[in-house]
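**Student:** Dumping the structure here so I can ask a few things about it.
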Amino acid sequence: MGVVHGEEMVLNIGPQHPATHGVLRLQVRTDGEVVSKITPYMGYLHRCFEKHCENVTYEQVIPFTDRCDYLASMSMNFGYVVAMERLMDIKVNERVEYIRIIMAELQRIASHLLCTGVFGLDLGAFTPFLWALRDRERILDLFELTCGARLLYNYMWVGGLSHDLPVGFVESTFKFLDYFEPKIDELENILAHNKILVERSADIGVMPKDIAISYGVTGPNLRASGVKWDLRKDDPYSIYDRFEFDVPIGQGLKGTVGDCWDRFYVRILEIRESVKIVRQALASIPKDGDVHQSLPKKIRPPKGSVYARTETPRGDLGYYIESDGSPIPYRLKMRSPAFTALSVLDEIGGGWLLSDVLAILGSLDIVLGEIDR
Amino acid sequence: MTENQQKLIDELVNKGLDGDMDAVNAHQDRMVRAKAKSMIMKIQKGILKRPPLKKISPEEVPNGDIVQNQEKKENKQESTSAKVVRKLLEKFPNEIENEEFDSHIQLKPDKWFEIATWLKSEPELFFDSLQCQMGIDVQDDILESRYNLHSMKHNHYVELRIAVSRSNAKIPSVEKIWRVADWFERETYDMLGIEYIGHSDLRRILLPDDWEGWPLRKDYQEQETYHGIIVPKMKEGWE
C-alpha cells in the first residue's frame with residue numbers, strides 16, 4: 001500500500017472512457033500517481049433485467065439473457081436453458097447437447113479472443129487487437145450461418161435449439177479450426193512474451209487464492225490464482241464429462257501466481273482447450289436427432305426453485321429461478337461472474353499506479369452489460 | 001431416434017396389441033406415446049409387421065439413467081443439508097424454522113452472523129464460498145434473503161433462507177465473512193429494501209442514489225417523475 005505523502009486527489013475515470021470497457025465510472029483517490037482507493041459506480045447500463053423477467057413468459061426471457069453478456073450470448077442462453085431444464089426435468093437428445101457444446105466453446109474462443117486483444121490494446125499494443133477481431137469475425141460468421149444473428153443469438157431454447165446446424169457447418173468449422181490453430185501461436189508470440197506487456201502486467205495486481213474465493217471470483221480469474229476449479233470438470237453439466245481437456249491454471253511464469261499476466265495467459269491456454277473440445281464434439285456429433293424434439297408446448301414449470309451454475313467465458317454464471325407454477329417467472333436472479341470480479345478491484349488495485357489499475361481492470365475481463373443487467 | 005427408444009416403442013406396441021393400452025397411454029414421453037400409437041394403427045391395418053417380443057431391462061429405458069442421476073444428486077444434497085442441520089442443532093438449538101430439509105434450511109435472523117462464521121470455520125462443513133445471495137418478496141408481508149453456499153474443499157452445497165417481515169426487514173450482514181456479500185447485499189438492499197445490519201457501506205448499487213421505492217417488491221409503484229423526467233409506466237401485459 002502506498003503511503004500518503006501529499007495532498008489527495010479524487011479522479012473520475014469514465015463513465016465514457018475506452019479503458020473502462022463500457023459505461024463504468026471509477027472514482028479513484030490518488031496521491032500523485034499512486035492509487036489509494038477505487039470506488040466503482042455502475043448502473044449506467046441497468047436495464048431492469050430481473051424486473052422485466054417477472055412480466056414475461058419463460059421463453060421470452062431468453063432474448064434478455066442475450067443482452068446481458070453481449071460478448072458471450074451463447075453461454076448466457078446455455079446457462080438459462082440448463083437451469084430451466086433442471087427445473088422442468090427435461091432431457092434433450094444427444095444432437096442438441098453436442099450442438100450446444102460446440103456453440104458454447106466457439107463462443108468461449110470468441111470471447112477470450114476479444115479479451116486478450118483488448119488487454120493488449122489497454123497496454124498499448126494495437127496490432128494484436130486487430131488480429132483477434134479478424135479471427136473472432138470468422139466465428140461470428142459461423143454463428144450467422146447457424147442462426148442468422150452475429151451478436152445476440154436467441155439460439156438455445158428450453159428443450160432444444162431454434163435451428164439445426166446448416167449444411168456444411170461441420171466442414172466449415174473444421175476448416176476454421178485448421179486455419180485458427182496456428183493463429184493462436186501468433187497471438188501468443190506477439191503478446192505473451194512481448195517485453196513491454198510483461199513489464200506492464202507481470203507481478204502487477206496479484207490476487208491471492210483466499211482473496212479470490214472470498215470475493216466470489218470465478219472462471220479464468222480464479223484459475224489464474226492457482227485454484228484448479230472449473231465447473232465443466234468439477235460439477236459437469238450437459239455432456240462435458242465426455243470430453244478430454246485440461247484445466248489450465250496460473251503458474252506465475254513471468255512473475256507471481258495470480259498477477260495480470262497470469263490472468264491474461266490462462267485465457268490463451270483456454271482457447272487451446274476449447275479448440276480441443278470443439279474438435280472432439282464435431283467428430284462425434286450424432287447425425288440424426290430433431291432439435292425440436294423435446295420442446296415443451298407450453299412452459300409451465302412445477303412450483304419450486306432451482307439454482308444452476310454453468311461455466312461461461314467469465315466464470316460461474318448462476319441462475320436462481322423461483323417458479324409459482326404459472327408461465328411467468330416469480331423471481332429470476334442472475335448471479336453474474338463479472339459483477340463479483342469487479343468487486344475485487346478495490347482490494348487488488350489499491351497501492352498501484354494509475355496506469356496499472358487500468359491493466360488490472362482489463363485483465364479481469366468485465367462486461368458491463370452483465371454487471372448492470 | 002435412439003436404439004433404446006425404438007426398443008421401448010416396440011415393447012409398448014406389443015403391450016398395446018395384447019390389450020394393455022393403459023401402458024401406452026400412461027407413458028410419460030409424448031413422442032414415444034405418439035409413435036407407439038401410430039405403429040399400432042399401422043400394424044392393425046397390416047402395413048407393418050409386429051415387432052419381435054423382447055424384454056428390456058430398466059437400465060435401457062432412455063429416461064432411466066437421468067432418473068438415477070437425479071436420485072443420486074438428491075441424496076447428496078439431502079445428506080449435506082441433513083449434516084448441516086444436525087450440526088446446527090448441536091451448536092445453535094432453536095434457530096431452524098422448517099422441518100423438511102430436502103431443498104433448503106430456514107433460519108431465524110437473530111444469530112445469522114454467528115451461524116455464518118461457524119459455517120465457514122467448521123472444518124467438516126467449510127463453506128468458504130458464497131455462490132449467490134438473492135432477495136425475494138414471498139407475499140404475505142414476508143421478504144426472504146437466500147444464500148447459496150458452496151465449499152471448494154468438500155464440493156458440497158447448501159441453501160439457506162432467512163425470512164423477515166416488511167415492517168422490520170433487518171438481517172445481520174455477512175459482508176465480513178464472505179467479502180462477496182458486500183455487493184450482493186447492496187444489490188438486495190437496492191432492489192428489495194432489506195437492511196443488512198453491520199454492513200459498512202449500504203448504498204444503492206445499480207439504481208441512482210435518489211431513486212424511491214424498492215423495485216422488486218411485488219407492490220412496487222414507480223415514482224411519477226425523476227428529476228423532471230416522466231417515468232414510463234410498466235405496460236399491462238406484453239404484446
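Ordering of the C-alpha cells sets the chain letters (A, B, ...), residue numbers begin anew at 1 in every chain, and ligands are numbered from 1 in the order given.
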Applying 9 Å and only C-alpha atoms, which residues near Ile197 of chain B remain after dropping the ones on its own chain fewer than 3 positions away? List them as an MDAnalysis selection string.
**Tutor:** chainID B and resid 170:173 200
**Student:** How would you write, as a VMD selection string, the set of residues in segment 45-181 of chain A that DSSP gives as strand (DSSP E or B)?
**Tutor:** chain A and resid 156 to 157 160 to 161
**Student:** Just checking: using only C-alpha atoms, which residue out of B:Pro123, B:Pro232, B:Gly135, B:Gly198 ends up closest to chain A?
**Tutor:**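 Closest to chain A, using only C-alpha atoms: B:Gly135.
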**Student:** Give me, as a list in words, all polymer residues having an atom no more than 10 Å from Lys91 of chain B, counting only C-alpha atoms and skipping those fewer than 6 positions away in the same chain.
**Tutor:**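 Here the answer would be Val85, Ile115 and Trp118 of chain B.
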**Student:** Which residues come within 8 Å of Gln133 of chain B, counting only C-alpha atoms, excluding same-chain residues fewer than 2 positions away, as a PyMOL selection string?
**Tutor:** chain B and resi 130-131+135+145-148+181+184-185
**Student:** Could you save those same residues with C-alpha atoms as a PDB file, in the first residue's frame?
**Tutor:**
```
ATOM      1  CA  LEU B 130     -20.906 -17.690  -1.050  1.00  0.00           C
ATOM      2  CA  GLN B 131     -22.138 -18.554  -4.508  1.00  0.00           C
ATOM      3  CA  GLY B 135     -33.723 -11.432  -2.096  1.00  0.00           C
ATOM      4  CA  SER B 145     -32.881 -13.411   1.820  1.00  0.00           C
ATOM      5  CA  ARG B 146     -31.453 -16.596   0.339  1.00  0.00           C
ATOM      6  CA  TYR B 147     -27.882 -17.788   0.424  1.00  0.00           C
ATOM      7  CA  ASN B 148     -26.369 -20.485  -1.765  1.00  0.00           C
ATOM      8  CA  ALA B 181     -21.626 -10.464   0.218  1.00  0.00           C
ATOM      9  CA  PHE B 184     -24.691  -8.857  -3.135  1.00  0.00           C
ATOM     10  CA  GLU B 185     -26.239  -7.318  -0.031  1.00  0.00           C
TER      11      GLU B 185
END
```
**Student:** Do a neighbour search on segment 323-336 of chain A at 8 Å with only C-alpha atoms, toss out local chain neighbours closer than 4 positions, and write the hits as number ranges by chain.
**Tutor:** A: 50, 53-58, 298-305, 316-319, 340, 370-371; B: 132, 134, 136
**Student:** Can you work out which one of B:Thr80, B:Glu97, B:Arg186, B:Leu206 has the shortest atom-to-atom distance to His154 of chain B, counting only C-alpha atoms?
**Tutor:**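 Closest to His154 of chain B, using only C-alpha atoms: B:Thr80.
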**Student:** Can you check which residues of chain A have any atom within 6 Å of chain B? Use only C-alpha atoms and format it as an MDAnalysis selection string.
**Tutor:** chainID A and resid 43 214:216
**Student:** Write the residues of the preceding selection, restricted to C-alpha atoms, as a compact mmCIF listing (two decimals), in the first residue's frame.
**Tutor:**
```txt
# COMPACT_ATOMS: atom_id res chain seq x y z
CA GLY A 43 -25.74 1.07 -13.10
CA SER A 214 -13.80 -14.85 -0.56
CA TYR A 215 -14.75 -12.30 -3.22
CA GLY A 216 -16.51 -14.96 -5.26
```
**Student:** What is the atom CA of Thr312 of chain A to atom CA of Leu345 of chain A distance in Å?
**Tutor:**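 These atoms are spaced 20.2 Å apart.
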**Student:** Given only C-alpha atoms as the basis, pick out the residue of A:Val96, A:Ile239, A:Leu106, A:Ile204 nearest to Ser355 of chain A.
**Tutor:** A:Ile204
**Student:** Distance atom CA of Tyr220 of chain B-atom CA of Val164 of chain B, one decimal place?
**Tutor:**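 So the two atoms, atom CA of Tyr220 of chain B and atom CA of Val164 of chain B, lie 17.9 Å apart.
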**Student:** Pick the closest to Gly252 of chain A from A:Arg223, A:Ser238, A:Lys233, A:Gly120: which is it, counting only C-alpha atoms?
**Tutor:** A:Arg223
**Student:** Write out as a list in words which residues come within 12 Å of Trp211 of chain B when counting only C-alpha atoms, dropping same-chain ones fewer than 5 positions away.
**Tutor:**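 Answer for this query is Asp190, Met191, Gly193, Arg203, Arg204, Ile205, Leu206, Gln221, Glu222, Gln223, Glu224, Thr225, Tyr226, His227 and Val231 of chain B.
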**Student:** Quick check for you: according to DSSP on this backbone, which residues of segment 129-225 of chain B are classed as alpha helix (DSSP H)? Reply as a list of chain:residue names.
**Tutor:**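 Residues meeting the alpha helix (DSSP H) criterion: B:Ala181, B:Asp182, B:Trp183, B:Phe184, B:Glu185, B:Arg186, B:Glu187, B:Thr188, B:Tyr189, B:Asp190, B:Met191, B:Leu192.
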**Student:** Using only C-alpha atoms, which residues sit within 8 Å of segment 359-363 of chain A once same-chain residues fewer than 3 positions away are excluded, as a ChimeraX atom specification?
**Tutor:** /A:19-21,115,118-119,122-123,200-201,204-205,260-261,263-264,342,345,349,355-356,366
**Student:** Record the distance separating atom CA of Gln27 of chain A and atom CA of Gly14 of chain A, expressed in Å with one decimal.
**Tutor:** 8.6 Å
**Student:** Restricting the calculation to only C-alpha atoms: of B:Leu149, B:Ile105, B:Ile43, B:Leu143, which residue gets closest to Ser167 of chain B?
**Tutor:**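 Result for the nearest residue to Ser167 of chain B: B:Leu143.
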**Student:** Have a look at A:Val278, A:Leu295, A:Ile139, A:Val266 and name the one nearest to Leu161 of chain A; count only C-alpha atoms.
**Tutor:**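 Checking each candidate against Leu161 of chain A, we get A:Leu295 as the closest.
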